[in-house]
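Undergrad: Input file: structure.cif. Contents: mmCIF, C-alpha atoms.
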data_run
loop_
_atom_site.label_atom_id
_atom_site.label_comp_id
_atom_site.auth_asym_id
_atom_site.auth_seq_id
_atom_site.Cartn_x
_atom_site.Cartn_y
_atom_site.Cartn_z
CA SER A 1 13.64 -93.94 58.36
CA SER A 2 13.33 -92.42 61.84
CA VAL A 3 14.03 -94.10 65.18
CA LEU A 4 10.30 -94.23 65.86
CA SER A 5 9.69 -95.91 62.51
CA ALA A 6 12.37 -98.50 63.26
CA ILE A 7 10.86 -99.31 66.66
CA CYS A 8 7.37 -99.55 65.22
CA GLY A 9 8.75 -101.95 62.61
CA ASN A 10 10.00 -104.21 65.38
CA ARG A 11 7.53 -106.85 66.50
CA SER A 12 8.51 -106.45 70.15
CA HIS A 13 6.79 -103.09 70.64
CA HIS A 14 6.96 -101.41 74.03
CA PRO A 15 4.39 -98.67 74.76
CA THR A 16 6.60 -96.85 77.29
CA THR A 17 9.47 -96.51 74.81
CA ILE A 18 7.16 -95.24 72.08
CA SER A 19 5.48 -92.82 74.48
CA ILE A 20 8.85 -91.37 75.57
CA LEU A 21 9.90 -90.86 71.94
CA LEU A 22 6.59 -89.18 71.10
CA SER A 23 6.88 -86.80 74.07
CA TRP A 24 10.26 -85.66 72.71
CA GLY A 25 8.77 -84.91 69.30
CA ALA A 26 9.58 -88.10 67.43
CA GLU A 27 7.84 -88.50 64.08
CA LEU A 28 7.22 -91.39 61.72
CA PHE A 29 9.37 -90.99 58.61
CA VAL A 30 9.86 -93.48 55.80
CA ASP A 31 12.22 -92.72 52.90
CA GLY A 32 12.65 -89.19 54.21
CA ARG A 33 8.94 -88.39 54.17
CA ARG A 34 6.71 -87.82 57.16
CA LEU A 35 3.81 -90.24 57.22
CA THR A 36 0.22 -89.00 56.99
CA ASN A 37 -2.46 -90.09 59.46
CA GLN A 38 -3.76 -92.55 56.89
CA GLN A 39 -0.29 -94.07 56.48
CA MET A 40 0.08 -94.31 60.25
CA LYS A 41 -3.13 -96.29 60.44
CA LEU A 42 -1.78 -98.54 57.69
CA ILE A 43 1.34 -99.21 59.80
CA VAL A 44 -0.88 -100.10 62.75
CA ASP A 45 -2.75 -102.62 60.57
CA THR A 46 0.40 -103.94 58.87
CA PHE A 47 2.28 -104.68 62.08
CA ILE A 48 -0.86 -105.83 63.90
CA MET A 49 -0.45 -103.27 66.66
CA GLU A 50 -3.07 -103.49 69.37
CA GLY A 51 -4.11 -101.75 72.55
CA ASP A 52 -2.22 -98.70 73.79
CA ILE A 53 0.42 -98.75 71.04
CA ALA A 54 -2.11 -98.69 68.24
CA ASN A 55 -4.01 -95.93 70.04
CA LEU A 56 -0.91 -93.74 70.44
CA ILE A 57 0.33 -94.14 66.87
CA SER A 58 -3.03 -93.63 65.18
CA SER A 59 -4.15 -90.58 67.21
CA GLU A 60 -3.02 -87.00 66.68
CA LEU A 61 -1.80 -86.19 70.21
CA GLY A 62 -1.46 -89.62 71.80
CA GLY A 63 1.84 -89.95 73.68
CA ARG A 64 2.72 -86.29 73.13
CA ARG A 65 3.65 -83.69 75.68
CA CYS A 66 1.15 -80.86 75.47
CA LYS A 67 0.26 -77.54 77.05
CA ILE A 68 -3.27 -76.95 78.30
CA VAL A 69 -4.61 -73.88 76.46
CA SER A 70 -8.17 -74.00 77.77
CA ALA A 71 -9.83 -75.91 80.59
CA PRO A 72 -13.44 -76.94 81.19
CA ASP A 73 -15.47 -76.55 84.39
CA ASN A 74 -13.87 -73.25 85.39
CA ARG A 75 -10.45 -74.86 85.90
CA ASP A 76 -8.58 -71.77 84.76
CA GLY A 77 -5.64 -72.72 86.98
CA LEU A 78 -4.82 -75.50 84.57
CA VAL A 79 -4.24 -73.16 81.63
CA GLY A 80 -0.53 -73.02 80.80
CA LYS A 81 0.25 -76.28 82.57
CA THR A 82 2.07 -79.02 80.68
CA CYS A 83 0.83 -82.58 80.61
CA GLY A 84 1.51 -86.01 79.20
CA VAL A 85 -1.17 -87.21 76.83
CA GLY A 86 -2.22 -90.84 76.93
CA ARG A 87 -4.97 -92.86 75.33
CA HIS A 88 -7.50 -91.35 72.95
CA ILE A 89 -11.11 -92.19 73.76
CA LYS A 90 -12.91 -92.36 70.44
CA LYS A 91 -16.46 -92.28 71.83
CA SER A 92 -15.99 -88.93 73.55
CA SER A 93 -13.15 -87.64 71.31
CA GLN A 94 -11.14 -86.91 74.44
CA TYR A 95 -7.67 -87.78 75.65
CA GLU A 96 -6.55 -89.15 78.99
CA VAL A 97 -3.97 -86.65 80.24
CA THR A 98 -1.73 -86.44 83.29
CA VAL A 99 -0.71 -82.97 84.47
CA GLU A 100 3.04 -82.72 85.01
CA PHE A 101 4.36 -82.20 88.56
CA THR A 102 0.93 -82.81 90.16
CA ASN A 103 0.05 -86.10 88.41
CA GLU A 104 -3.60 -85.03 88.25
CA SER A 105 -5.57 -87.14 85.74
CA LEU A 106 -8.05 -85.45 83.42
CA LEU A 107 -10.07 -85.98 80.27
CA LEU A 108 -9.52 -83.19 77.75
CA GLY A 109 -10.36 -82.69 74.11
CA ALA A 110 -7.91 -81.82 71.35
CA ASP A 111 -9.22 -78.23 71.43
CA ASN A 112 -7.98 -77.93 75.04
CA LEU A 113 -4.46 -79.00 74.14
CA GLU A 114 -1.52 -77.69 72.17
CA ARG A 115 1.47 -79.84 71.32
CA TYR A 116 4.50 -78.82 73.38
CA ASP A 117 7.40 -81.22 72.77
CA ARG A 118 10.16 -81.73 75.30
CA THR A 119 13.45 -80.04 74.39
CA PRO A 120 16.94 -80.10 75.95
CA GLN A 121 16.21 -76.62 77.37
CA ASP A 122 12.72 -77.53 78.61
CA PRO A 123 12.61 -81.28 79.28
CA GLY A 124 10.44 -81.37 82.40
CA TYR A 125 12.97 -83.68 84.07
CA PHE A 126 16.70 -84.31 83.90
CA VAL A 127 18.59 -87.59 83.56
CA GLU A 128 22.33 -87.86 84.11
CA CYS A 129 24.78 -90.76 84.17
CA LYS A 130 26.80 -90.90 87.36
CA ASN A 131 29.05 -93.81 88.35
CA ASN A 132 27.58 -95.88 85.53
CA ARG A 133 24.06 -95.31 86.85
CA LEU A 134 21.22 -93.28 85.42
CA ILE A 135 19.91 -90.69 87.87
CA ARG A 136 16.66 -88.90 87.18
CA ARG A 137 15.97 -85.50 88.73
CA ASP A 138 12.35 -84.44 89.13
CA PHE A 139 11.24 -80.89 89.80
CA GLU A 140 8.31 -78.98 91.27
CA SER A 141 7.66 -76.97 88.11
CA ASN A 142 8.88 -76.28 84.57
CA GLU A 143 10.38 -73.01 85.80
CA GLU A 144 12.50 -74.87 88.35
CA CYS A 145 13.59 -77.38 85.72
CA ARG A 146 14.54 -74.70 83.20
CA ALA A 147 16.47 -72.79 85.88
CA PHE A 148 18.42 -75.94 86.70
CA ILE A 149 19.24 -76.56 83.03
CA ALA A 150 20.35 -72.93 82.65
CA SER A 151 22.58 -73.24 85.74
CA LEU A 152 24.46 -76.12 84.11
CA GLY A 153 25.58 -73.87 81.28
CA ALA A 154 26.37 -70.99 83.62
CA ASP A 155 28.50 -73.32 85.75
CA GLU A 156 30.65 -74.33 82.75
CA GLY A 157 29.03 -77.72 82.53
CA GLY A 158 29.46 -78.57 86.21
CA LEU A 159 26.62 -80.25 88.08
CA ALA A 160 25.31 -79.00 91.38
CA GLU A 161 25.91 -81.14 94.44
CA VAL A 162 23.24 -83.75 94.95
CA ASP A 163 21.46 -84.25 98.25
CA PRO A 164 21.99 -87.93 99.25
CA GLU A 165 18.31 -88.48 100.02
CA ALA A 166 17.18 -86.83 96.80
CA GLU A 167 19.78 -88.82 94.87
CA ALA A 168 18.47 -92.08 96.36
CA LYS A 169 14.93 -91.19 95.32
CA ALA A 170 16.12 -90.23 91.83
CA GLU A 171 18.04 -93.48 91.48
CA GLN A 172 14.93 -95.45 92.45
CA ALA A 173 12.88 -93.50 89.91
CA ALA A 174 15.50 -94.26 87.25
CA ALA A 175 15.49 -97.94 88.23
CA ASP A 176 11.70 -98.03 87.93
CA LEU A 177 11.96 -96.39 84.50
CA LEU A 178 14.52 -98.95 83.33
CA ALA A 179 12.32 -101.76 84.62
CA GLU A 180 9.37 -100.39 82.63
CA LEU A 181 11.58 -100.27 79.54
CA GLY A 182 12.72 -103.84 80.13
CA LEU A 183 16.34 -102.73 80.58
CA ASP A 184 16.70 -103.60 84.26
CA ASP A 185 18.72 -106.74 83.49
CA LEU A 186 21.58 -104.89 81.78
CA GLU A 187 24.97 -105.58 83.35
CA ASP A 188 26.96 -102.77 84.92
CA PRO A 189 29.68 -101.83 82.39
CA SER A 190 32.16 -101.63 85.26
CA SER A 191 31.65 -105.33 85.99
CA ASN A 192 33.85 -106.18 83.01
CA ALA A 193 36.76 -104.17 84.33
CA PRO A 194 39.69 -106.26 85.66
CA LYS A 195 39.78 -106.53 89.42
CA LYS A 196 42.64 -105.00 91.33
CA GLY A 197 45.39 -107.47 91.98
CA ALA A 198 44.30 -109.86 89.24
CA ARG A 199 47.09 -111.20 87.07
CA SER A 200 46.97 -110.13 83.47
CA ALA A 201 47.47 -112.59 80.63
CA PRO A 202 50.97 -112.67 79.09
CA PRO A 203 51.36 -110.50 76.01
CA ALA A 204 50.62 -112.16 72.71
CA GLY A 205 53.64 -113.67 71.00
CA LYS A 206 55.58 -114.31 74.20
CA LYS A 207 55.66 -117.86 75.48
CA LYS A 208 56.63 -119.04 78.91
CA LYS A 209 60.14 -120.53 78.97
CA ARG A 210 60.30 -124.24 79.60
CA GLY A 211 62.95 -125.95 81.67
CA GLY A 212 65.66 -128.11 80.06
CA LYS A 213 69.10 -127.91 78.64
CA LYS A 214 69.87 -125.35 76.02
CA LYS A 215 71.22 -126.60 72.76
CA GLY A 216 74.68 -125.40 71.88
CA ARG A 217 75.27 -123.23 68.92
CA LYS A 218 76.71 -124.83 65.84
#
Please re-express this file's structure in structure tokens.

TA:
Amino acid sequence: SSVLSAICGNRSHHPTTISILLSWGAELFVDGRRLTNQQMKLIVDTFIMEGDIANLISSELGGRRCKIVSAPDNRDGLVGKTCGVGRHIKKSSQYEVTVEFTNESLLLGADNLERYDRTPQDPGYFVECKNNRLIRRDFESNEECRAFIASLGADEGGLAEVDPEAEAKAEQAAADLLAELGLDDLEDPSSNAPKKGARSAPPAGKKKKRGGKKKGRK
């Protein structure tokens, strides 16, 4: 089964985790087969999913990253923009969407949207691990993000220098993301490292010599 299937099978569901997986193209697979919409609804009923999680899993585009292919009310400037899709409103058959980089909230129908999964070459943001900390980089546009990703390969895997102020903001964004995922209480891996100057335990098999007279050889 897929990672998404395993998480959905866990009673402690977390909507943010599921939404992140969906935006990166995660699918529900069981025994090597992709589940149909009817089977997805059955999973929702079986595991008693409610609220946002049930809405995301049972809808076609819920939680996905999409591209706006047509816009109502003469909003032609939105065409081509990427967005994060949220809850599906059944009464109006529309989705709550948030436009990337501007955070504008809209209501759009499925006909206005086209699925556009995140990929390593076009992620929309970039997360790196530095000094045992996750640092998220945000950008002004997809073009800027893709140019940054391309520069990493051109620079033989080296990362560009980070502006201290921008790094602080990125670290705070990463901390907020971890808090939303419920991972903010994880210990720093470096905390288990032995402190400088601390005495190490004697090697196994060697015992400390005790005082006293030695017995003569026979």

Undergrad: Any chance you could work out the residue set of the PyMOL selection byres ((chain A and resi 119) around 12) here, as an MDAnalysis selection string?

TA: chainID A and resid 21:26 65 116:118 120:126 142 145:146 149

Undergrad: What does the structure give for the distance between CA of Ser93 in chain A and CA of Leu78 in chain A, in Å to one decimal?

TA: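 Computed distance, CA of Ser93 in chain A to CA of Leu78 in chain A, equals 19.8 Å.
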
Undergrad: What does the distance from CA of Val79 in chain A to CA of Lys67 in chain A come to in Å, to one decimal?

TA: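 Atom-to-atom, CA of Val79 in chain A and CA of Lys67 in chain A are spaced 7.8 Å apart.
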
Undergrad: So the first atom is CA of Leu107 in chain A and the second is CA of Gln172 in chain A; what is the distance between them in Å, to one decimal place?

TA: 29.4 Å

Undergrad: Run the PyMOL selection byres ((chain A and resi 109) around 6) against the file shown and list the residues it catches, as a PDB file with C-alpha atoms, keeping the file's coordinate frame.

TA:
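Output (selection17.pdb):
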ATOM      1  CA  GLN A  94     -11.140 -86.910  74.440  1.00  0.00           C
ATOM      2  CA  TYR A  95      -7.670 -87.780  75.650  1.00  0.00           C
ATOM      3  CA  LEU A 108      -9.520 -83.190  77.750  1.00  0.00           C
ATOM      4  CA  ALA A 110      -7.910 -81.820  71.350  1.00  0.00           C
ATOM      5  CA  ASP A 111      -9.220 -78.230  71.430  1.00  0.00           C
ATOM      6  CA  ASN A 112      -7.980 -77.930  75.040  1.00  0.00           C
TER       7      ASN A 112
END
